[in-house]
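See structure below.
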Amino acid sequence: MQVLYKNTRNASEKVTASQAILNGLANNGGLYVPDVIPDLGLSVEELSNMTYKETAYAVMSKFLTDFTEEELKQCIDRAYNDKFDTPEIAPLVCVDDTYYLELFHGATAAFKDMALSILPHLMITSARKNHVTNEIVILTATSGDTGKAALAGFANVEGTRIVVFYPKDGVSPIQERQMITQQGDNTLVVGIRGNFDQAQTGVKKMFSDPELNKELNRAGFQFSSANSINIGRLVPQIVYYVHAWAKLFACGEISADDTINVVVPTGNFGNILAAYYAGLMGVPIDRLICASNENKVLYDFFTTGVYDKNRKFILTSSPSMDILISSNLERLIYRIAGEDAEKNAALMSQLGETGTYAITPKMREQLAVFYGNFADEEETREMIRELFTDTGYLIDPHTAVAAAVYRKYRDETGDEKPAVLASTASPFKFTRSVLCALDDEQDELTDMEMIDVLAGLTGLTIPRPIEEIRSAQIVHSTVCDVDEMESVVRQFLQIGEQK
Ligand SMILES: *Cc1c(COP(=O)(O)O)cnc(C)c1O
């Protein structure tokens with residue numbers, strides 16, 4: 001069965017999977033959604049005998065229907081290999097009656113690797129299928145995690161180049177070091193003298209500059225995007241929820257008709273939307289527990305039916321969840337609006353103009369599967385400390401937000417069903433917050449020194465991606481002003497008007 005992709009803001013546009021991946025975002029700002037969510041078509045018994053790669057093929061082939069079996073299997077083989085530090089790819093670890101689904105064993109020690117390891121391969125395959133001969137130039141603005149995961153994914157992938165802009169003084173020392181030590185002739189990392197919003201605006205300007213795009217095309221290049229609204233990032237994320245369910249069955253924790261709960265630390269709403277899609281495919285998910293930090297827009301949305309981003313932006317210890325506009329929520333809104341592009345577009349333009357919108361009671365009824373709550377900074381620290389003290393299991397602040405919210409959920413509802421909790425980063429990626437949660441006397445050390453102290457204190461091995469950056473050579477040193485971004489890109493691609 002062929003699955004096509006609809007535009008959430010234009011009822012007349014439909015494209016193939018490979019076109020949706022190449023485009024990233026639709027021209028009018030809409031997102032691509034599958035016109036039907038396919039059924040898994042496999043029993044949990046069958047799934048429980050599959051490796052991660054086999055599960056990836058079983059799930060992704062249902063969505064990416066214009067990829068041949070050979071093409072898709074090749075993408076999967078190139079993504080889920082020894083770039084991961086465990087052959088399981090996404091281990092499920094039971095601690096204190098909760099199943100932590102560890103999504104941080106890839107090249108950059110955060111869950112973005114699960115999708116960004118495969119996106120480059122999906123993208124060049126899509127280019128080939130659509131007879132695109134240009135080299136694909138990925139432009140990314142990052143506030144930290146996405147940049148490194150995208151760099152690691154695209155480095156040395158033939159037919160692609162990647163340029164990452166980050167705010168020179170706006171990322172953590174570990175995050176900056178991860179990026180500026182990135183190898184690969186096709187990579188460029190640039191610090192800008194400005195903030196993340198300015199980096200983002202600069203990138204969007206280049207994307208939508210018709211002159212620049214024409215020039216690029218003449219020189220054999222075209223821009224594309226690796227950010228989390230690309231359907232090529234969403235589909236690979238469905239895989240680990242299916243795999244986790246099958247593993248719970250394989251280890252005898254659940255029987256074939258038991259339901260499970262899923263807990264996700266949420267920012268841009270991509271990861272939890274993938275879990276929702278897994279449920280629609282047939283994974284028996286009872287509740288989807290959406291965990292927010294103090295930027296609790298989503299908690300307010302689920303409890304009131306009103307989305308309202310007009311509030312103070314709070315910097316927390318879980319920076320990848322410091323988000324006031326959760327882009328992927330649009331896909332859910334579109335669905336509960338009865339797949340009505342006009343209705344969805346109206347709500348989204350209201351969001352753009354006023355920063356807020358309200359959904360109807362009928363739309364709200366369809367959100368019963370979601371439970372939203374949040375954890376504040378003290379609860380997050382307490383969760384890290386307590387879990388480690390009681391069990392010896394160390395979690396990062398994002399995962400701790402989810403664990404604290406899950407505890408609130410259980411206290412409120414008494415629901416003790418087996419739960420899969422998405423564990424999204426290695427604690428060594430957020431060393432300062434984690435170490436200070438365990439021992440608040442340590443905060444005068446540098447972030448790099450803290451890595452050793454944390455390893456000593458916990459007896460844990462420093463993950464390879466963190467260990468590597470300490471001795472790695474710095475290979476990127478470009479710094480520019482906001483208005484020089486275009487000229488930096490031109491220079492990298494060696495086209496016109498370079499400075
Ligand atoms: C990106 C990220 C999240 C949030 O995931 P979304 O898909 O944006 O909701 C949570 N934790 C970590 C560590 C992340 O990098």
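Within each chain, counting starts at residue 1; across the structure tokens, chains are named A, B, ... in the order shown, with ligands numbered 1 upward in that order.
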Q: Enumerate as a PyMOL selection string the residues within 6 Å of ligand 1, counting only C-alpha atoms and all ligand atoms.
A: chain A and resi 110-112+145+265-271+320-321+398+424-425
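By chain and then residue number, the residues within 8 Å of A:Leu116 are Lys112, Asp113, Leu119, Pro120, Ala149, Ala150, Gly153, Ala226 and Arg233 of chain A, counting only C-alpha atoms and disregarding those fewer than 3 positions away in sequence.
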Atoms kept (N, CA, C and O atoms) for selection, written as a short mmCIF file (atom, residue, chain, number, x, y, z; two decimals), in the first residue's frame:
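Saved file result.cif follows:
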```cif
data_model
loop_
_atom_site.label_atom_id
_atom_site.label_comp_id
_atom_site.auth_asym_id
_atom_site.auth_seq_id
_atom_site.Cartn_x
_atom_site.Cartn_y
_atom_site.Cartn_z
N LYS A 112 18.93 12.37 19.78
CA LYS A 112 18.84 12.86 18.41
C LYS A 112 19.61 11.95 17.44
O LYS A 112 19.33 11.92 16.25
N ASP A 113 20.59 11.21 17.96
CA ASP A 113 21.34 10.28 17.12
C ASP A 113 20.46 9.19 16.52
O ASP A 113 20.77 8.66 15.46
N LEU A 119 19.01 9.85 8.84
CA LEU A 119 18.49 10.90 7.95
C LEU A 119 19.39 11.20 6.74
O LEU A 119 18.89 11.31 5.62
N PRO A 120 20.73 11.32 6.92
CA PRO A 120 21.56 11.61 5.75
C PRO A 120 21.41 10.56 4.65
O PRO A 120 21.39 10.88 3.46
N ALA A 149 24.70 16.34 16.59
CA ALA A 149 24.12 15.08 16.07
C ALA A 149 24.00 15.15 14.55
O ALA A 149 24.26 14.16 13.85
N ALA A 150 23.64 16.32 14.01
CA ALA A 150 23.53 16.47 12.56
C ALA A 150 24.93 16.37 11.92
O ALA A 150 25.11 15.73 10.88
N GLY A 153 26.06 12.85 11.84
CA GLY A 153 25.30 12.09 10.85
C GLY A 153 25.75 12.37 9.43
O GLY A 153 25.89 11.45 8.62
N ALA A 226 17.76 19.61 8.34
CA ALA A 226 17.82 18.38 9.15
C ALA A 226 17.07 18.57 10.45
O ALA A 226 17.23 17.81 11.38
N ARG A 233 12.99 12.39 10.16
CA ARG A 233 13.44 12.25 11.54
C ARG A 233 12.37 11.59 12.40
O ARG A 233 12.67 10.89 13.36
#
```
Q.
Need to verify the contact set: A:Gln366, 12 Å, only C-alpha atoms, exclusion of same-chain residues closer than 6 positions in sequence. Can you return it as number ranges by chain?
A. A: 302, 305, 332-338, 359-360
Kindly assemble as CSV a list of the stretch 125-220 of chain A residues that lie within 10 Å of stretch 456-468 of chain A, each paired with its nearest atom pair and their distance in Å to one decimal, using only C-alpha atoms, sorted first by chain and then by ascending residue number.
```
residue,atom,partner,partner_atom,distance
A:Ile174,CA,A:Ile466,CA,8.2
A:Gln175,CA,A:Ile466,CA,9.8
A:Arg177,CA,A:Ile466,CA,9.6
A:Gln178,CA,A:Ile466,CA,7.9
A:Thr181,CA,A:Glu468,CA,9.4
```
Write out as a tab-separated table the residues of stretch 23-140 of chain A that have any atom within 12 Å of an atom of stretch 202-207 of chain A, one row each with the nearest atom pair and its distance in Å to one decimal, counting only C-alpha atoms, sorted by chain and then rising number.
```
residue	atom	partner	partner_atom	distance
A:Asn23	CA	A:Phe207	CA	11.3
A:Gly24	CA	A:Phe207	CA	11.5
A:Leu25	CA	A:Phe207	CA	11.0
A:Asn27	CA	A:Phe207	CA	10.7
A:Gly29	CA	A:Lys204	CA	11.5
A:Val137	CA	A:Phe207	CA	10.6
A:Ile138	CA	A:Phe207	CA	10.2
A:Leu139	CA	A:Val203	CA	6.7
A:Thr140	CA	A:Val203	CA	6.9
```
**Q.** Long-range neighbours of A:Phe165 as a ChimeraX atom specification, 9 Å cut-off, only C-alpha atoms, 2 positions minimum in chain
**A.** /A:139-143,147,163,167-168,188-192,196,199-200,203,485
Can I get the selected residues back with N, CA, C and O atoms, as a PDB file, in the first residue's frame?
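Result file follows (result.pdb):
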```pdb
ATOM      1  N   LEU A 139      21.756  23.238   6.064  1.00  0.00           N
ATOM      2  CA  LEU A 139      22.019  24.426   6.881  1.00  0.00           C
ATOM      3  C   LEU A 139      21.300  24.248   8.209  1.00  0.00           C
ATOM      4  O   LEU A 139      20.100  23.977   8.237  1.00  0.00           O
ATOM      5  N   THR A 140      22.013  24.402   9.309  1.00  0.00           N
ATOM      6  CA  THR A 140      21.392  24.211  10.616  1.00  0.00           C
ATOM      7  C   THR A 140      21.812  25.311  11.577  1.00  0.00           C
ATOM      8  O   THR A 140      22.992  25.657  11.655  1.00  0.00           O
ATOM      9  N   ALA A 141      20.834  25.822  12.317  1.00  0.00           N
ATOM     10  CA  ALA A 141      21.140  26.681  13.452  1.00  0.00           C
ATOM     11  C   ALA A 141      20.866  25.827  14.682  1.00  0.00           C
ATOM     12  O   ALA A 141      19.886  25.104  14.734  1.00  0.00           O
ATOM     13  N   THR A 142      21.772  25.877  15.646  1.00  0.00           N
ATOM     14  CA  THR A 142      21.599  24.983  16.791  1.00  0.00           C
ATOM     15  C   THR A 142      21.786  25.723  18.105  1.00  0.00           C
ATOM     16  O   THR A 142      22.563  26.672  18.189  1.00  0.00           O
ATOM     17  N   SER A 143      21.051  25.279  19.116  1.00  0.00           N
ATOM     18  CA  SER A 143      21.295  25.799  20.454  1.00  0.00           C
ATOM     19  C   SER A 143      22.108  24.786  21.245  1.00  0.00           C
ATOM     20  O   SER A 143      22.276  24.912  22.445  1.00  0.00           O
ATOM     21  N   GLY A 147      22.967  20.332  16.579  1.00  0.00           N
ATOM     22  CA  GLY A 147      24.104  20.636  15.715  1.00  0.00           C
ATOM     23  C   GLY A 147      25.098  19.499  15.663  1.00  0.00           C
ATOM     24  O   GLY A 147      25.471  19.021  14.587  1.00  0.00           O
ATOM     25  N   VAL A 163      26.536  22.793   7.133  1.00  0.00           N
ATOM     26  CA  VAL A 163      27.014  23.998   7.809  1.00  0.00           C
ATOM     27  C   VAL A 163      26.171  24.195   9.069  1.00  0.00           C
ATOM     28  O   VAL A 163      24.949  24.232   8.996  1.00  0.00           O
ATOM     29  N   PRO A 167      25.358  29.971  18.529  1.00  0.00           N
ATOM     30  CA  PRO A 167      25.695  31.208  19.219  1.00  0.00           C
ATOM     31  C   PRO A 167      26.995  31.020  20.000  1.00  0.00           C
ATOM     32  O   PRO A 167      27.071  30.156  20.872  1.00  0.00           O
ATOM     33  N   LYS A 168      28.013  31.811  19.637  1.00  0.00           N
ATOM     34  CA  LYS A 168      29.363  31.618  20.188  1.00  0.00           C
ATOM     35  C   LYS A 168      29.364  31.557  21.717  1.00  0.00           C
ATOM     36  O   LYS A 168      30.070  30.760  22.315  1.00  0.00           O
ATOM     37  N   LEU A 188      31.234  22.246   8.168  1.00  0.00           N
ATOM     38  CA  LEU A 188      31.689  23.576   8.583  1.00  0.00           C
ATOM     39  C   LEU A 188      30.905  23.987   9.821  1.00  0.00           C
ATOM     40  O   LEU A 188      29.679  23.913   9.845  1.00  0.00           O
ATOM     41  N   VAL A 189      31.619  24.394  10.859  1.00  0.00           N
ATOM     42  CA  VAL A 189      30.982  24.828  12.101  1.00  0.00           C
ATOM     43  C   VAL A 189      31.351  26.286  12.331  1.00  0.00           C
ATOM     44  O   VAL A 189      32.529  26.647  12.271  1.00  0.00           O
ATOM     45  N   VAL A 190      30.351  27.118  12.560  1.00  0.00           N
ATOM     46  CA  VAL A 190      30.582  28.550  12.673  1.00  0.00           C
ATOM     47  C   VAL A 190      29.924  29.106  13.937  1.00  0.00           C
ATOM     48  O   VAL A 190      28.728  28.920  14.151  1.00  0.00           O
ATOM     49  N   GLY A 191      30.724  29.749  14.758  1.00  0.00           N
ATOM     50  CA  GLY A 191      30.168  30.460  15.914  1.00  0.00           C
ATOM     51  C   GLY A 191      29.740  31.840  15.471  1.00  0.00           C
ATOM     52  O   GLY A 191      30.472  32.513  14.747  1.00  0.00           O
ATOM     53  N   ILE A 192      28.553  32.275  15.849  1.00  0.00           N
ATOM     54  CA  ILE A 192      28.169  33.633  15.471  1.00  0.00           C
ATOM     55  C   ILE A 192      28.146  34.536  16.702  1.00  0.00           C
ATOM     56  O   ILE A 192      27.855  34.091  17.813  1.00  0.00           O
ATOM     57  N   PHE A 196      20.819  32.480  19.633  1.00  0.00           N
ATOM     58  CA  PHE A 196      20.258  31.401  18.830  1.00  0.00           C
ATOM     59  C   PHE A 196      19.204  31.900  17.846  1.00  0.00           C
ATOM     60  O   PHE A 196      19.166  31.487  16.691  1.00  0.00           O
ATOM     61  N   ALA A 199      20.782  33.294  14.837  1.00  0.00           N
ATOM     62  CA  ALA A 199      21.328  32.220  13.991  1.00  0.00           C
ATOM     63  C   ALA A 199      20.199  31.608  13.166  1.00  0.00           C
ATOM     64  O   ALA A 199      20.317  31.393  11.955  1.00  0.00           O
ATOM     65  N   GLN A 200      19.078  31.326  13.851  1.00  0.00           N
ATOM     66  CA  GLN A 200      17.923  30.716  13.212  1.00  0.00           C
ATOM     67  C   GLN A 200      17.356  31.617  12.103  1.00  0.00           C
ATOM     68  O   GLN A 200      17.059  31.160  11.003  1.00  0.00           O
ATOM     69  N   VAL A 203      19.605  31.651   9.043  1.00  0.00           N
ATOM     70  CA  VAL A 203      19.475  30.427   8.248  1.00  0.00           C
ATOM     71  C   VAL A 203      18.190  30.467   7.422  1.00  0.00           C
ATOM     72  O   VAL A 203      18.184  30.179   6.223  1.00  0.00           O
ATOM     73  N   MET A 485      26.854  35.699   7.734  1.00  0.00           N
ATOM     74  CA  MET A 485      26.557  34.264   7.607  1.00  0.00           C
ATOM     75  C   MET A 485      26.542  33.801   6.144  1.00  0.00           C
ATOM     76  O   MET A 485      27.109  32.767   5.794  1.00  0.00           O
TER      77      MET A 485
END
```
(Q) Report, in Å with one decimal, the straight-line distance from atom CA of A:Asp440 to atom CA of A:Asp376. (A) 17.5 Å
Using only C-alpha atoms, I'd like a table of the residues in stretch 103-158 of chain A that come within 12 Å of stretch 40-64 of chain A; for each, show the closest atom pair and its distance in Å rounded to one decimal, ordered by chain and ascending number, as a Markdown table.
```
| residue | atom | partner | partner_atom | distance |
| --- | --- | --- | --- | --- |
| A:Met114 | CA | A:Ala56 | CA | 10.9 |
| A:Ala115 | CA | A:Ala56 | CA | 11.2 |
| A:Ile118 | CA | A:Ala56 | CA | 10.7 |
| A:Leu122 | CA | A:Leu64 | CA | 9.6 |
| A:Met123 | CA | A:Leu64 | CA | 11.9 |
| A:Thr125 | CA | A:Leu64 | CA | 11.4 |
| A:Ser126 | CA | A:Leu64 | CA | 10.2 |
```
Those of stretch 95-131 of chain A in DSSP strand (DSSP E or B), formatted as a compact mmCIF listing (two decimals) with all heavy atoms, in the first residue's frame:
```txt
# COMPACT_ATOMS: atom_id res chain seq x y z
N VAL A 95 14.82 -0.40 36.18
CA VAL A 95 15.29 0.14 37.46
C VAL A 95 14.08 0.58 38.25
O VAL A 95 13.27 1.39 37.75
CB VAL A 95 16.21 1.39 37.25
CG1 VAL A 95 16.76 1.86 38.59
CG2 VAL A 95 17.33 1.09 36.28
N THR A 98 10.64 0.65 36.63
CA THR A 98 10.43 1.47 35.43
C THR A 98 11.41 0.99 34.36
O THR A 98 12.56 0.68 34.68
CB THR A 98 10.71 2.96 35.74
OG1 THR A 98 9.86 3.35 36.83
CG2 THR A 98 10.43 3.85 34.54
N TYR A 99 10.94 0.93 33.12
CA TYR A 99 11.82 0.49 32.03
C TYR A 99 12.41 1.70 31.32
O TYR A 99 11.72 2.39 30.57
CB TYR A 99 11.06 -0.41 31.05
CG TYR A 99 10.82 -1.77 31.67
CD1 TYR A 99 9.69 -1.99 32.44
CD2 TYR A 99 11.74 -2.80 31.52
CE1 TYR A 99 9.48 -3.23 33.06
CE2 TYR A 99 11.55 -4.02 32.12
CZ TYR A 99 10.42 -4.23 32.89
OH TYR A 99 10.23 -5.44 33.51
N TYR A 100 13.69 1.95 31.57
CA TYR A 100 14.37 3.08 30.93
C TYR A 100 14.84 2.64 29.54
O TYR A 100 15.65 1.71 29.41
CB TYR A 100 15.57 3.52 31.78
CG TYR A 100 15.13 4.25 33.04
CD1 TYR A 100 14.74 3.56 34.18
CD2 TYR A 100 15.08 5.64 33.08
CE1 TYR A 100 14.32 4.21 35.32
CE2 TYR A 100 14.66 6.31 34.22
CZ TYR A 100 14.28 5.59 35.34
OH TYR A 100 13.85 6.25 36.46
N LEU A 101 14.31 3.28 28.53
CA LEU A 101 14.70 2.98 27.15
C LEU A 101 15.85 3.92 26.80
O LEU A 101 15.65 5.11 26.53
CB LEU A 101 13.49 3.20 26.23
CG LEU A 101 13.71 2.99 24.73
CD1 LEU A 101 14.17 1.58 24.40
CD2 LEU A 101 12.40 3.30 23.96
N GLU A 102 17.07 3.38 26.83
CA GLU A 102 18.25 4.23 26.67
C GLU A 102 18.51 4.57 25.19
O GLU A 102 18.94 3.71 24.42
CB GLU A 102 19.48 3.53 27.27
CG GLU A 102 19.34 3.35 28.79
CD GLU A 102 20.60 2.81 29.45
OE1 GLU A 102 21.53 2.37 28.71
OE2 GLU A 102 20.67 2.81 30.69
N ALA A 110 23.20 11.51 22.76
CA ALA A 110 21.84 11.99 23.02
C ALA A 110 20.88 11.36 22.01
O ALA A 110 21.29 10.83 20.98
CB ALA A 110 21.77 13.51 22.92
```
(Q) Report as a ChimeraX atom specification all protein, DNA and RNA residues lying within 8 Å of stretch 208-217 of chain A, evaluated on only C-alpha atoms, omitting residues in the same chain fewer than 5 positions from it. (A) /A:134,222-223,495
Q: Using backbone DSSP assignments, extract all alpha helix (DSSP H) residues from stretch 363-443 of chain A; output them as an MDAnalysis selection string.
A: chainID A and resid 363:365 377:391 397:413 431:438
Q) Quick one: residues within 10 Å of A:Asn295, only C-alpha atoms counted, chain neighbours fewer than 6 positions away excluded, as a PyMOL selection string? A) chain A and resi 267+309+311-316+321-324+374-376
Selected residues, N, CA, C and O atoms, written as a PDB file, in the first residue's frame, please.
```
ATOM      1  N   GLY A 267      10.066  18.365  24.386  1.00  0.00           N
ATOM      2  CA  GLY A 267      10.398  19.733  24.035  1.00  0.00           C
ATOM      3  C   GLY A 267       9.627  20.127  22.796  1.00  0.00           C
ATOM      4  O   GLY A 267       8.570  20.741  22.843  1.00  0.00           O
ATOM      5  N   LYS A 309       1.922  30.568  24.335  1.00  0.00           N
ATOM      6  CA  LYS A 309       3.370  30.723  24.483  1.00  0.00           C
ATOM      7  C   LYS A 309       3.762  32.078  25.087  1.00  0.00           C
ATOM      8  O   LYS A 309       4.949  32.365  25.258  1.00  0.00           O
ATOM      9  N   ARG A 311       4.677  33.869  27.690  1.00  0.00           N
ATOM     10  CA  ARG A 311       5.155  33.713  29.060  1.00  0.00           C
ATOM     11  C   ARG A 311       6.661  33.865  29.058  1.00  0.00           C
ATOM     12  O   ARG A 311       7.288  33.912  27.996  1.00  0.00           O
ATOM     13  N   LYS A 312       7.244  33.924  30.236  1.00  0.00           N
ATOM     14  CA  LYS A 312       8.684  34.077  30.346  1.00  0.00           C
ATOM     15  C   LYS A 312       9.370  32.774  29.934  1.00  0.00           C
ATOM     16  O   LYS A 312       8.941  31.694  30.319  1.00  0.00           O
ATOM     17  N   PHE A 313      10.428  32.905  29.147  1.00  0.00           N
ATOM     18  CA  PHE A 313      11.241  31.748  28.761  1.00  0.00           C
ATOM     19  C   PHE A 313      12.204  31.460  29.911  1.00  0.00           C
ATOM     20  O   PHE A 313      12.925  32.333  30.361  1.00  0.00           O
ATOM     21  N   ILE A 314      12.183  30.231  30.417  1.00  0.00           N
ATOM     22  CA  ILE A 314      13.003  29.895  31.585  1.00  0.00           C
ATOM     23  C   ILE A 314      14.165  28.993  31.173  1.00  0.00           C
ATOM     24  O   ILE A 314      13.967  27.974  30.509  1.00  0.00           O
ATOM     25  N   LEU A 315      15.394  29.382  31.553  1.00  0.00           N
ATOM     26  CA  LEU A 315      16.550  28.520  31.289  1.00  0.00           C
ATOM     27  C   LEU A 315      16.622  27.474  32.391  1.00  0.00           C
ATOM     28  O   LEU A 315      16.665  27.808  33.567  1.00  0.00           O
ATOM     29  N   THR A 316      16.616  26.193  32.017  1.00  0.00           N
ATOM     30  CA  THR A 316      16.619  25.131  33.023  1.00  0.00           C
ATOM     31  C   THR A 316      17.820  24.208  32.825  1.00  0.00           C
ATOM     32  O   THR A 316      18.609  24.392  31.886  1.00  0.00           O
ATOM     33  N   MET A 321      14.719  20.920  26.355  1.00  0.00           N
ATOM     34  CA  MET A 321      13.265  21.007  26.533  1.00  0.00           C
ATOM     35  C   MET A 321      12.830  22.442  26.841  1.00  0.00           C
ATOM     36  O   MET A 321      11.673  22.678  27.165  1.00  0.00           O
ATOM     37  N   ASP A 322      13.763  23.381  26.739  1.00  0.00           N
ATOM     38  CA  ASP A 322      13.420  24.793  26.951  1.00  0.00           C
ATOM     39  C   ASP A 322      12.851  25.345  25.652  1.00  0.00           C
ATOM     40  O   ASP A 322      13.552  25.951  24.847  1.00  0.00           O
ATOM     41  N   ILE A 323      11.576  25.096  25.453  1.00  0.00           N
ATOM     42  CA  ILE A 323      10.934  25.428  24.180  1.00  0.00           C
ATOM     43  C   ILE A 323       9.543  25.954  24.468  1.00  0.00           C
ATOM     44  O   ILE A 323       8.827  25.402  25.301  1.00  0.00           O
ATOM     45  N   LEU A 324       9.160  27.046  23.799  1.00  0.00           N
ATOM     46  CA  LEU A 324       7.804  27.564  23.993  1.00  0.00           C
ATOM     47  C   LEU A 324       6.895  27.268  22.802  1.00  0.00           C
ATOM     48  O   LEU A 324       5.687  27.313  22.907  1.00  0.00           O
ATOM     49  N   PHE A 374       4.558  18.409  34.842  1.00  0.00           N
ATOM     50  CA  PHE A 374       5.886  19.001  34.739  1.00  0.00           C
ATOM     51  C   PHE A 374       6.649  18.812  36.046  1.00  0.00           C
ATOM     52  O   PHE A 374       6.059  18.526  37.086  1.00  0.00           O
ATOM     53  N   ALA A 375       7.981  18.967  35.952  1.00  0.00           N
ATOM     54  CA  ALA A 375       8.819  18.916  37.154  1.00  0.00           C
ATOM     55  C   ALA A 375       9.641  20.196  37.209  1.00  0.00           C
ATOM     56  O   ALA A 375      10.170  20.641  36.181  1.00  0.00           O
ATOM     57  N   ASP A 376       9.746  20.796  38.405  1.00  0.00           N
ATOM     58  CA  ASP A 376      10.563  22.002  38.520  1.00  0.00           C
ATOM     59  C   ASP A 376      12.028  21.619  38.771  1.00  0.00           C
ATOM     60  O   ASP A 376      12.372  20.432  38.849  1.00  0.00           O
TER      61      ASP A 376
END
```
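Distances here use only C-alpha atoms; by that measure, the residue among A:Ala152, A:Ala109, A:Leu351, A:Ala17 closest to A:Lys429 is A:Ala109.
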(Q) Please report the interatomic distance between atom CA of A:Leu493 and atom CA of A:Leu22 in Å with one decimal. (A) 19.8 Å
Q. Given the choices A:Glu339, A:Glu88, A:Asp390, A:Asp308, which gets closest to A:Ser326 if the distance is worked out from only C-alpha atoms?
A. A:Asp308
Q: Find the residue from A:Lys296, A:Leu394, A:Gly144, A:Ile260 that sits nearest to A:Ile180; use only C-alpha atoms when measuring.
A: A:Gly144
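The shortest atom-to-atom distance to A:Pro319, with only C-alpha atoms taken into account, belongs to A:Glu294 out of A:Thr65, A:Asp439, A:Glu294, A:Gly184.
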